[in-house]
$ cat target_8.cif   # mmCIF, C-alpha atoms
data_query
#
loop_
_atom_site.label_atom_id
_atom_site.label_comp_id
_atom_site.auth_asym_id
_atom_site.auth_seq_id
_atom_site.Cartn_x
_atom_site.Cartn_y
_atom_site.Cartn_z
CA GLU A 1 -125.34 -11.47 -7.28
CA ASP A 2 -121.88 -10.47 -8.44
CA GLN A 3 -120.54 -12.68 -11.22
CA VAL A 4 -117.38 -12.90 -13.28
CA THR A 5 -117.31 -15.19 -16.32
CA GLN A 6 -114.22 -15.75 -18.42
CA SER A 7 -114.11 -17.25 -21.89
CA PRO A 8 -112.84 -19.30 -23.46
CA GLU A 9 -111.86 -21.73 -20.73
CA ALA A 10 -108.82 -22.75 -22.74
CA LEU A 11 -107.16 -21.31 -25.84
CA ARG A 12 -104.40 -22.70 -28.02
CA LEU A 13 -102.64 -20.32 -30.36
CA GLN A 14 -99.79 -20.63 -32.78
CA GLU A 15 -96.89 -18.32 -32.05
CA GLY A 16 -97.71 -14.99 -33.66
CA GLU A 17 -101.44 -15.65 -33.86
CA SER A 18 -103.20 -12.75 -32.14
CA SER A 19 -106.41 -13.28 -30.17
CA SER A 20 -108.54 -11.95 -27.32
CA LEU A 21 -109.68 -13.25 -23.96
CA ASN A 22 -113.04 -12.19 -22.57
CA CYS A 23 -114.15 -11.33 -19.04
CA SER A 24 -117.85 -10.59 -18.57
CA TYR A 25 -118.99 -9.22 -15.25
CA THR A 26 -122.10 -8.22 -13.36
CA VAL A 27 -121.52 -6.28 -10.19
CA SER A 28 -123.40 -3.67 -8.25
CA GLY A 29 -121.03 -0.81 -8.81
CA LEU A 30 -117.61 -1.56 -10.24
CA ARG A 31 -114.68 -0.14 -8.33
CA GLY A 32 -112.08 -1.82 -10.49
CA LEU A 33 -111.38 -4.73 -12.83
CA PHE A 34 -108.07 -6.52 -12.56
CA TRP A 35 -106.16 -8.84 -14.84
CA TYR A 36 -103.61 -11.27 -13.47
CA ARG A 37 -101.37 -13.89 -15.00
CA GLN A 38 -100.87 -17.17 -13.13
CA ASP A 39 -98.26 -19.75 -13.98
CA PRO A 40 -98.75 -23.35 -12.77
CA GLY A 41 -98.03 -23.74 -9.07
CA LYS A 42 -97.48 -20.03 -8.53
CA GLY A 43 -99.43 -17.08 -7.22
CA PRO A 44 -101.08 -14.60 -9.59
CA GLU A 45 -98.97 -11.82 -11.04
CA PHE A 46 -100.62 -8.42 -11.37
CA LEU A 47 -101.00 -7.12 -14.93
CA PHE A 48 -103.56 -4.33 -15.16
CA THR A 49 -106.27 -2.42 -13.35
CA LEU A 50 -109.13 -0.78 -15.25
CA TYR A 51 -111.60 1.54 -13.57
CA SER A 52 -113.95 3.03 -16.12
CA ALA A 53 -115.56 2.11 -19.44
CA GLY A 54 -113.39 3.12 -22.38
CA GLU A 55 -110.18 2.76 -20.43
CA GLU A 56 -107.28 0.86 -22.02
CA LYS A 57 -103.96 -0.32 -20.65
CA GLU A 58 -101.01 -1.84 -22.50
CA LYS A 59 -97.99 -3.82 -21.49
CA GLU A 60 -95.73 -5.40 -24.09
CA ARG A 61 -97.92 -7.76 -26.17
CA LEU A 62 -100.95 -7.35 -23.90
CA LYS A 63 -103.71 -4.77 -24.08
CA ALA A 64 -106.69 -4.64 -21.73
CA THR A 65 -109.91 -2.81 -22.52
CA LEU A 66 -113.07 -2.23 -20.50
CA THR A 67 -116.75 -1.65 -21.26
CA LYS A 68 -119.70 -1.48 -18.89
CA LYS A 69 -120.27 -5.23 -19.24
CA GLU A 70 -116.96 -6.82 -20.10
CA SER A 71 -113.23 -6.57 -20.46
CA PHE A 72 -110.98 -7.96 -23.15
CA LEU A 73 -107.36 -8.93 -22.89
CA HIS A 74 -105.87 -8.71 -26.35
CA ILE A 75 -102.70 -10.63 -27.06
CA THR A 76 -100.77 -9.50 -30.11
CA ALA A 77 -98.29 -11.86 -31.75
CA PRO A 78 -98.02 -14.11 -28.71
CA LYS A 79 -94.90 -16.03 -27.82
CA PRO A 80 -94.61 -19.39 -26.03
CA GLU A 81 -93.63 -17.57 -22.83
CA ASP A 82 -97.08 -15.98 -22.80
CA SER A 83 -98.53 -19.40 -22.00
CA ALA A 84 -100.27 -19.15 -18.62
CA THR A 85 -103.69 -18.87 -17.05
CA TYR A 86 -105.08 -15.36 -17.23
CA LEU A 87 -107.39 -14.39 -14.40
CA CYS A 88 -109.88 -11.58 -14.31
CA ALA A 89 -111.13 -10.18 -11.00
CA VAL A 90 -113.56 -7.43 -10.04
CA GLN A 91 -113.77 -5.22 -7.02
CA ALA A 92 -117.28 -4.05 -6.24
CA ASP A 93 -118.41 -0.94 -4.42
CA GLN A 94 -120.19 -2.72 -1.63
CA THR A 95 -117.43 -5.14 -0.72
CA GLY A 96 -114.71 -4.45 1.79
CA ALA A 97 -111.56 -2.65 0.92
CA ASN A 98 -109.62 -4.44 -1.80
CA ASN A 99 -111.88 -7.51 -1.88
CA LEU A 100 -111.58 -9.20 -5.26
CA PHE A 101 -113.94 -11.68 -6.89
CA PHE A 102 -112.17 -13.90 -9.41
CA GLY A 103 -113.27 -15.60 -12.60
CA THR A 104 -112.14 -19.14 -13.34
CA GLY A 105 -109.50 -18.03 -15.81
CA THR A 106 -108.50 -18.72 -19.40
CA ARG A 107 -105.69 -21.20 -19.85
CA LEU A 108 -103.60 -19.98 -22.78
CA THR A 109 -101.14 -22.21 -24.60
CA VAL A 110 -98.93 -20.70 -27.30
CA ILE A 111 -97.39 -23.28 -29.58
CA PRO A 112 -93.97 -22.54 -31.15
CA GLY B 113 -94.58 -4.40 -8.03
CA ALA B 114 -94.52 -5.28 -4.36
CA VAL B 115 -93.03 -8.53 -3.12
CA VAL B 116 -94.98 -10.97 -1.00
CA SER B 117 -93.46 -14.19 0.28
CA GLN B 118 -95.01 -17.33 1.69
CA HIS B 119 -93.50 -20.07 3.77
CA PRO B 120 -93.46 -22.97 3.39
CA SER B 121 -93.96 -23.43 -0.33
CA ARG B 122 -95.02 -27.04 0.16
CA VAL B 123 -96.08 -29.03 3.17
CA ILE B 124 -97.19 -32.60 3.68
CA CYS B 125 -98.80 -33.51 6.96
CA LYS B 126 -100.75 -36.29 8.58
CA SER B 127 -104.46 -36.03 9.10
CA GLY B 128 -105.30 -34.42 12.43
CA THR B 129 -102.19 -32.27 12.69
CA SER B 130 -102.03 -28.49 12.41
CA VAL B 131 -100.10 -26.55 9.79
CA LYS B 132 -99.05 -22.91 9.92
CA ILE B 133 -98.46 -20.87 6.77
CA GLU B 134 -96.71 -17.51 6.89
CA CYS B 135 -97.29 -14.60 4.55
CA ARG B 136 -94.92 -11.65 4.54
CA SER B 137 -94.95 -8.40 2.62
CA LEU B 138 -91.28 -7.73 2.08
CA ASP B 139 -91.11 -4.17 0.84
CA PHE B 140 -94.23 -2.44 2.07
CA GLN B 141 -96.56 -2.33 5.05
CA ALA B 142 -99.83 -4.07 4.42
CA THR B 143 -102.70 -3.15 6.70
CA THR B 144 -104.85 -5.71 4.90
CA MET B 145 -103.91 -9.19 3.82
CA PHE B 146 -106.08 -11.78 2.15
CA TRP B 147 -106.07 -15.56 2.21
CA TYR B 148 -107.30 -17.55 -0.76
CA ARG B 149 -107.67 -21.23 -1.52
CA GLN B 150 -107.42 -22.67 -5.01
CA PHE B 151 -108.38 -26.20 -5.97
CA PRO B 152 -107.06 -27.75 -9.19
CA LYS B 153 -108.38 -26.05 -12.33
CA GLN B 154 -110.52 -23.72 -10.26
CA SER B 155 -110.21 -20.06 -9.51
CA LEU B 156 -109.10 -18.40 -6.33
CA MET B 157 -111.68 -18.42 -3.58
CA LEU B 158 -111.35 -15.81 -0.88
CA MET B 159 -111.28 -17.39 2.57
CA ALA B 160 -110.74 -14.41 4.82
CA THR B 161 -109.58 -10.83 5.05
CA SER B 162 -106.98 -10.10 7.67
CA ASN B 163 -106.54 -6.65 9.14
CA GLU B 164 -103.53 -5.78 11.22
CA GLY B 165 -104.36 -5.68 14.90
CA SER B 166 -107.93 -6.91 14.59
CA LYS B 167 -109.87 -10.09 14.02
CA ALA B 168 -110.06 -11.52 10.54
CA THR B 169 -113.26 -11.40 8.53
CA TYR B 170 -114.18 -14.82 7.17
CA GLU B 171 -116.15 -15.55 4.03
CA GLN B 172 -119.35 -17.53 4.26
CA GLY B 173 -118.69 -21.23 4.64
CA VAL B 174 -115.15 -20.85 5.97
CA GLU B 175 -114.77 -22.14 9.53
CA LYS B 176 -112.93 -19.57 11.60
CA ASP B 177 -112.05 -22.12 14.28
CA LYS B 178 -110.44 -24.36 11.70
CA PHE B 179 -108.56 -21.70 9.76
CA LEU B 180 -106.95 -19.45 12.35
CA ILE B 181 -105.61 -16.17 11.05
CA ASN B 182 -103.25 -13.87 12.88
CA HIS B 183 -102.10 -10.51 11.54
CA ALA B 184 -99.84 -9.32 14.32
CA SER B 185 -97.78 -6.86 12.32
CA LEU B 186 -97.97 -4.83 9.15
CA THR B 187 -95.70 -7.27 7.35
CA LEU B 188 -96.81 -10.68 8.61
CA SER B 189 -100.02 -12.67 8.55
CA THR B 190 -100.29 -16.35 9.41
CA LEU B 191 -102.89 -18.97 8.52
CA THR B 192 -103.07 -22.07 10.70
CA VAL B 193 -105.03 -25.02 9.42
CA THR B 194 -106.04 -26.86 12.57
CA SER B 195 -106.75 -30.57 12.65
CA ALA B 196 -106.14 -30.83 8.93
CA HIS B 197 -107.97 -33.46 6.89
CA PRO B 198 -107.40 -34.70 3.34
CA GLU B 199 -110.17 -32.44 2.02
CA ASP B 200 -108.11 -29.46 3.22
CA SER B 201 -105.44 -30.36 0.66
CA SER B 202 -105.24 -27.36 -1.64
CA PHE B 203 -103.13 -24.46 -2.85
CA TYR B 204 -103.25 -21.63 -0.31
CA ILE B 205 -102.33 -18.17 -1.54
CA CYS B 206 -102.04 -14.94 0.40
CA SER B 207 -102.07 -11.43 -0.92
CA ALA B 208 -101.34 -8.02 0.47
CA GLY B 209 -103.29 -4.91 -0.39
CA GLY B 210 -101.12 -2.28 -1.93
CA THR B 211 -100.92 0.51 -4.44
CA SER B 212 -99.55 0.38 -7.96
CA GLY B 213 -99.08 4.03 -8.83
CA LYS B 214 -102.37 5.55 -7.77
CA GLN B 215 -104.26 2.32 -8.03
CA GLU B 216 -105.19 -0.13 -5.35
CA THR B 217 -104.43 -3.71 -6.14
CA GLN B 218 -103.39 -6.93 -4.46
CA TYR B 219 -99.95 -8.44 -4.66
CA PHE B 220 -99.93 -12.18 -4.33
CA GLY B 221 -97.52 -14.55 -2.70
CA PRO B 222 -96.21 -17.62 -4.52
CA GLY B 223 -98.63 -19.94 -2.73
CA THR B 224 -98.32 -22.91 -0.39
CA ARG B 225 -99.31 -26.35 -1.54
CA LEU B 226 -100.75 -28.38 1.32
CA LEU B 227 -101.17 -32.13 1.10
CA VAL B 228 -102.87 -33.86 3.98
CA LEU B 229 -102.41 -37.62 4.06
#
$ encode --input "target_8.cif" --output "structure tokens"
Amino acid sequence: EDQVTQSPEALRLQEGESSSLNCSYTVSGLRGLFWYRQDPGKGPEFLFTLYSAGEEKEKERLKATLTKKESFLHITAPKPEDSATYLCAVQADQTGANNLFFGTGTRLTVIP
Amino acid sequence: GAVVSQHPSRVICKSGTSVKIECRSLDFQATTMFWYRQFPKQSLMLMATSNEGSKATYEQGVEKDKFLINHASLTLSTLTVTSAHPEDSSFYICSAGGTSGKQETQYFGPGTRLLVL
């Protein structure tokens, strides 16, 4: 059974304190792994797509990496505006086009 | 990224009434749209996949007669919650399948918060 597990469930960081969020997955054939940011009461905002182990993507203070079992979202010197819930989702080979299976997210709070 | 809108953003209705939620892709044609439901502090749960011009594909446990989906054009999909009950109160989010560069992804709408009294 396909599974996506994110940890930690919640993370509080001081401004400037770098850290990483984890997304572990088990799927029968990974087509893609996606990271989204979701602010309270809003829809998810696309951040990155990773397709193969060893791949890395960067955007401002965020860097996503992928292995065969997990993905990390590294946050370097976070700012209060980075506070949000970060969602990981996987797209498996056997599912329909574009179907995504989401983890429960990591709720990040960056304290000034 | 692509822009997806939803209307209304919030709706309050009485138990037993029906509510229609619209999802529009504003700057691209989406052959596939998705409807999700999100309960407080939980992740997004896919309800159904909507393909333009054909019947929607519902996930296990989602009643197709209760959650009616219409995808009549490449830019519009609607979700109608029929005979809504308090347990249907949730955050409903649509997304449209698209491409970011060479990569397939989903672009999400801002969500519709439904409260059934």
$ resolve_selection --input "target_8.cif" --expression "the PyMOL selection byres ((chain A) within 12 of (chain B))" --output "number ranges by chain"
A: 4-6, 9-10, 31-51, 85-91, 95-107
$ write_last_selection --input "target_8.cif" --atoms "C-alpha atoms" --output "mmCIF file, in the coordinates of the input"
data_model
loop_
_atom_site.group_PDB
_atom_site.id
_atom_site.type_symbol
_atom_site.label_atom_id
_atom_site.label_comp_id
_atom_site.auth_asym_id
_atom_site.auth_seq_id
_atom_site.Cartn_x
_atom_site.Cartn_y
_atom_site.Cartn_z
ATOM 1 C CA VAL A 4 -117.380 -12.900 -13.280
ATOM 2 C CA THR A 5 -117.310 -15.190 -16.320
ATOM 3 C CA GLN A 6 -114.220 -15.750 -18.420
ATOM 4 C CA GLU A 9 -111.860 -21.730 -20.730
ATOM 5 C CA ALA A 10 -108.820 -22.750 -22.740
ATOM 6 C CA ARG A 31 -114.680 -0.140 -8.330
ATOM 7 C CA GLY A 32 -112.080 -1.820 -10.490
ATOM 8 C CA LEU A 33 -111.380 -4.730 -12.830
ATOM 9 C CA PHE A 34 -108.070 -6.520 -12.560
ATOM 10 C CA TRP A 35 -106.160 -8.840 -14.840
ATOM 11 C CA TYR A 36 -103.610 -11.270 -13.470
ATOM 12 C CA ARG A 37 -101.370 -13.890 -15.000
ATOM 13 C CA GLN A 38 -100.870 -17.170 -13.130
ATOM 14 C CA ASP A 39 -98.260 -19.750 -13.980
ATOM 15 C CA PRO A 40 -98.750 -23.350 -12.770
ATOM 16 C CA GLY A 41 -98.030 -23.740 -9.070
ATOM 17 C CA LYS A 42 -97.480 -20.030 -8.530
ATOM 18 C CA GLY A 43 -99.430 -17.080 -7.220
ATOM 19 C CA PRO A 44 -101.080 -14.600 -9.590
ATOM 20 C CA GLU A 45 -98.970 -11.820 -11.040
ATOM 21 C CA PHE A 46 -100.620 -8.420 -11.370
ATOM 22 C CA LEU A 47 -101.000 -7.120 -14.930
ATOM 23 C CA PHE A 48 -103.560 -4.330 -15.160
ATOM 24 C CA THR A 49 -106.270 -2.420 -13.350
ATOM 25 C CA LEU A 50 -109.130 -0.780 -15.250
ATOM 26 C CA TYR A 51 -111.600 1.540 -13.570
ATOM 27 C CA THR A 85 -103.690 -18.870 -17.050
ATOM 28 C CA TYR A 86 -105.080 -15.360 -17.230
ATOM 29 C CA LEU A 87 -107.390 -14.390 -14.400
ATOM 30 C CA CYS A 88 -109.880 -11.580 -14.310
ATOM 31 C CA ALA A 89 -111.130 -10.180 -11.000
ATOM 32 C CA VAL A 90 -113.560 -7.430 -10.040
ATOM 33 C CA GLN A 91 -113.770 -5.220 -7.020
ATOM 34 C CA THR A 95 -117.430 -5.140 -0.720
ATOM 35 C CA GLY A 96 -114.710 -4.450 1.790
ATOM 36 C CA ALA A 97 -111.560 -2.650 0.920
ATOM 37 C CA ASN A 98 -109.620 -4.440 -1.800
ATOM 38 C CA ASN A 99 -111.880 -7.510 -1.880
ATOM 39 C CA LEU A 100 -111.580 -9.200 -5.260
ATOM 40 C CA PHE A 101 -113.940 -11.680 -6.890
ATOM 41 C CA PHE A 102 -112.170 -13.900 -9.410
ATOM 42 C CA GLY A 103 -113.270 -15.600 -12.600
ATOM 43 C CA THR A 104 -112.140 -19.140 -13.340
ATOM 44 C CA GLY A 105 -109.500 -18.030 -15.810
ATOM 45 C CA THR A 106 -108.500 -18.720 -19.400
ATOM 46 C CA ARG A 107 -105.690 -21.200 -19.850
#
$ atom_distance --input "target_8.cif" --atom1 "atom CA of B:Tyr148" --atom2 "atom CA of A:Ala64"
24.6 Å
$ closest_residue --input "target_8.cif" --among "B:Met159, B:Ile181, B:Ala196, B:Leu186" --to "B:Ile133" --atoms "all atoms listed in the file"
B:Ile181
$ residues_around --input "target_8.cif" --residues "A:Ser52" --least-positions-apart "6" --cutoff "8 Å" --atoms "all atoms listed in the file" --output "PyMOL selection string"
chain A and resi 32+66-68
$ write_last_selection --input "target_8.cif" --atoms "C-alpha atoms" --output "PDB file, in the coordinates of the input"
ATOM      1  CA  GLY A  32    -112.080  -1.820 -10.490  1.00  0.00           C
ATOM      2  CA  LEU A  66    -113.070  -2.230 -20.500  1.00  0.00           C
ATOM      3  CA  THR A  67    -116.750  -1.650 -21.260  1.00  0.00           C
ATOM      4  CA  LYS A  68    -119.700  -1.480 -18.890  1.00  0.00           C
TER       5      LYS A  68
END
$ atom_distance --input "target_8.cif" --atom1 "atom CA of B:His119" --atom2 "atom CA of B:Glu164"
19.0 Å
$ closest_residue --input "target_8.cif" --among "A:Leu30, A:Leu21, A:Leu62, A:Leu108" --to "A:Ala92" --atoms "only C-alpha atoms"
A:Leu30
$ closest_residue --input "target_8.cif" --among "A:Glu55, A:Thr65, A:His74, A:Ser7" --to "A:Cys23" --atoms "all atoms listed in the file"
A:Ser7
$ atom_distance --input "target_8.cif" --atom1 "atom CA of B:Ala142" --atom2 "atom CA of B:Thr187"
6.0 Å
$ closest_residue --input "target_8.cif" --among "B:Arg136, B:Trp147, B:Ser202, B:Val123" --to "B:Phe179" --atoms "all atoms listed in the file"
B:Trp147
$ resolve_selection --input "target_8.cif" --expression "the PyMOL selection byres ((chain A and resi 77) around 7)" --output "list of chain:residue names"
A:Glu15, A:Gly16, A:Glu17, A:Ser18, A:Arg61, A:Ile75, A:Thr76, A:Pro78, A:Lys79
$ residues_around --input "target_8.cif" --residues "A:Ser83" --least-positions-apart "3" --cutoff "7 Å" --atoms "all atoms listed in the file" --output "ChimeraX atom specification"
/A:80,108-110
$ closest_residue --input "target_8.cif" --among "B:Cys125, B:Ser130, B:Pro198, B:Arg149" --to "B:Lys178" --atoms "all atoms listed in the file"
B:Ser130
$ closest_residue --input "target_8.cif" --among "B:Val174, B:Cys135, B:Ala168, B:Leu226" --to "B:Arg122" --atoms "all atoms listed in the file"
B:Leu226
$ residues_near_point --input "target_8.cif" --point "(-110.4, -38.2, 8.3)" --cutoff "10 Å" --atoms "all atoms listed in the file" --output "CSV table (one decimal) with C-alpha atoms, keeping the file's coordinate frame"
chain,number,residue,atom,x,y,z
B,126,LYS,CA,-100.8,-36.3,8.6
B,127,SER,CA,-104.5,-36.0,9.1
B,128,GLY,CA,-105.3,-34.4,12.4
B,195,SER,CA,-106.8,-30.6,12.6
B,196,ALA,CA,-106.1,-30.8,8.9
B,197,HIS,CA,-108.0,-33.5,6.9
B,198,PRO,CA,-107.4,-34.7,3.3
B,199,GLU,CA,-110.2,-32.4,2.0
B,228,VAL,CA,-102.9,-33.9,4.0
B,229,LEU,CA,-102.4,-37.6,4.1
$ build_atoms --input "target_8.cif" --residues "stretch 121-140 of chain B" --atoms "N, CA and C atoms" --output "PDB file, in the frame of the given file"
ATOM      1  N   SER B 121     -93.384 -23.366   1.011  1.00  0.00           N
ATOM      2  CA  SER B 121     -93.960 -23.430  -0.330  1.00  0.00           C
ATOM      3  C   SER B 121     -94.743 -24.726  -0.510  1.00  0.00           C
ATOM      4  N   ARG B 122     -94.299 -25.767   0.203  1.00  0.00           N
ATOM      5  CA  ARG B 122     -95.020 -27.040   0.160  1.00  0.00           C
ATOM      6  C   ARG B 122     -94.981 -27.673   1.541  1.00  0.00           C
ATOM      7  N   VAL B 123     -96.052 -28.328   1.900  1.00  0.00           N
ATOM      8  CA  VAL B 123     -96.080 -29.030   3.170  1.00  0.00           C
ATOM      9  C   VAL B 123     -96.948 -30.275   3.050  1.00  0.00           C
ATOM     10  N   ILE B 124     -96.437 -31.347   3.602  1.00  0.00           N
ATOM     11  CA  ILE B 124     -97.190 -32.600   3.680  1.00  0.00           C
ATOM     12  C   ILE B 124     -97.354 -32.940   5.147  1.00  0.00           C
ATOM     13  N   CYS B 125     -98.581 -33.213   5.549  1.00  0.00           N
ATOM     14  CA  CYS B 125     -98.800 -33.510   6.960  1.00  0.00           C
ATOM     15  C   CYS B 125     -99.786 -34.658   7.109  1.00  0.00           C
ATOM     16  N   LYS B 126     -99.812 -35.206   8.285  1.00  0.00           N
ATOM     17  CA  LYS B 126    -100.750 -36.290   8.580  1.00  0.00           C
ATOM     18  C   LYS B 126    -102.094 -35.718   8.999  1.00  0.00           C
ATOM     19  N   SER B 127    -103.121 -36.449   8.725  1.00  0.00           N
ATOM     20  CA  SER B 127    -104.460 -36.030   9.100  1.00  0.00           C
ATOM     21  C   SER B 127    -104.537 -35.821  10.613  1.00  0.00           C
ATOM     22  N   GLY B 128    -105.153 -34.725  11.021  1.00  0.00           N
ATOM     23  CA  GLY B 128    -105.300 -34.420  12.430  1.00  0.00           C
ATOM     24  C   GLY B 128    -104.271 -33.459  12.987  1.00  0.00           C
ATOM     25  N   THR B 129    -103.225 -33.208  12.227  1.00  0.00           N
ATOM     26  CA  THR B 129    -102.190 -32.270  12.690  1.00  0.00           C
ATOM     27  C   THR B 129    -102.527 -30.859  12.219  1.00  0.00           C
ATOM     28  N   SER B 130    -101.817 -29.890  12.779  1.00  0.00           N
ATOM     29  CA  SER B 130    -102.030 -28.490  12.410  1.00  0.00           C
ATOM     30  C   SER B 130    -100.843 -27.977  11.597  1.00  0.00           C
ATOM     31  N   VAL B 131    -101.133 -27.098  10.684  1.00  0.00           N
ATOM     32  CA  VAL B 131    -100.100 -26.550   9.790  1.00  0.00           C
ATOM     33  C   VAL B 131    -100.207 -25.030   9.797  1.00  0.00           C
ATOM     34  N   LYS B 132     -99.065 -24.373   9.954  1.00  0.00           N
ATOM     35  CA  LYS B 132     -99.050 -22.910   9.920  1.00  0.00           C
ATOM     36  C   LYS B 132     -98.366 -22.428   8.649  1.00  0.00           C
ATOM     37  N   ILE B 133     -99.002 -21.473   7.986  1.00  0.00           N
ATOM     38  CA  ILE B 133     -98.460 -20.870   6.770  1.00  0.00           C
ATOM     39  C   ILE B 133     -98.228 -19.394   7.033  1.00  0.00           C
ATOM     40  N   GLU B 134     -97.049 -18.922   6.669  1.00  0.00           N
ATOM     41  CA  GLU B 134     -96.710 -17.510   6.890  1.00  0.00           C
ATOM     42  C   GLU B 134     -96.788 -16.725   5.580  1.00  0.00           C
ATOM     43  N   CYS B 135     -97.234 -15.500   5.696  1.00  0.00           N
ATOM     44  CA  CYS B 135     -97.290 -14.600   4.550  1.00  0.00           C
ATOM     45  C   CYS B 135     -96.641 -13.289   4.959  1.00  0.00           C
ATOM     46  N   ARG B 136     -95.637 -12.883   4.211  1.00  0.00           N
ATOM     47  CA  ARG B 136     -94.920 -11.650   4.540  1.00  0.00           C
ATOM     48  C   ARG B 136     -94.896 -10.694   3.361  1.00  0.00           C
ATOM     49  N   SER B 137     -95.167  -9.426   3.634  1.00  0.00           N
ATOM     50  CA  SER B 137     -94.950  -8.400   2.620  1.00  0.00           C
ATOM     51  C   SER B 137     -93.555  -7.847   2.871  1.00  0.00           C
ATOM     52  N   LEU B 138     -92.704  -7.974   1.869  1.00  0.00           N
ATOM     53  CA  LEU B 138     -91.280  -7.730   2.080  1.00  0.00           C
ATOM     54  C   LEU B 138     -90.863  -6.280   1.915  1.00  0.00           C
ATOM     55  N   ASP B 139     -91.589  -5.525   1.111  1.00  0.00           N
ATOM     56  CA  ASP B 139     -91.110  -4.170   0.840  1.00  0.00           C
ATOM     57  C   ASP B 139     -92.167  -3.105   1.054  1.00  0.00           C
ATOM     58  N   PHE B 140     -93.259  -3.465   1.715  1.00  0.00           N
ATOM     59  CA  PHE B 140     -94.230  -2.440   2.070  1.00  0.00           C
ATOM     60  C   PHE B 140     -95.068  -2.916   3.241  1.00  0.00           C
TER      61      PHE B 140
END
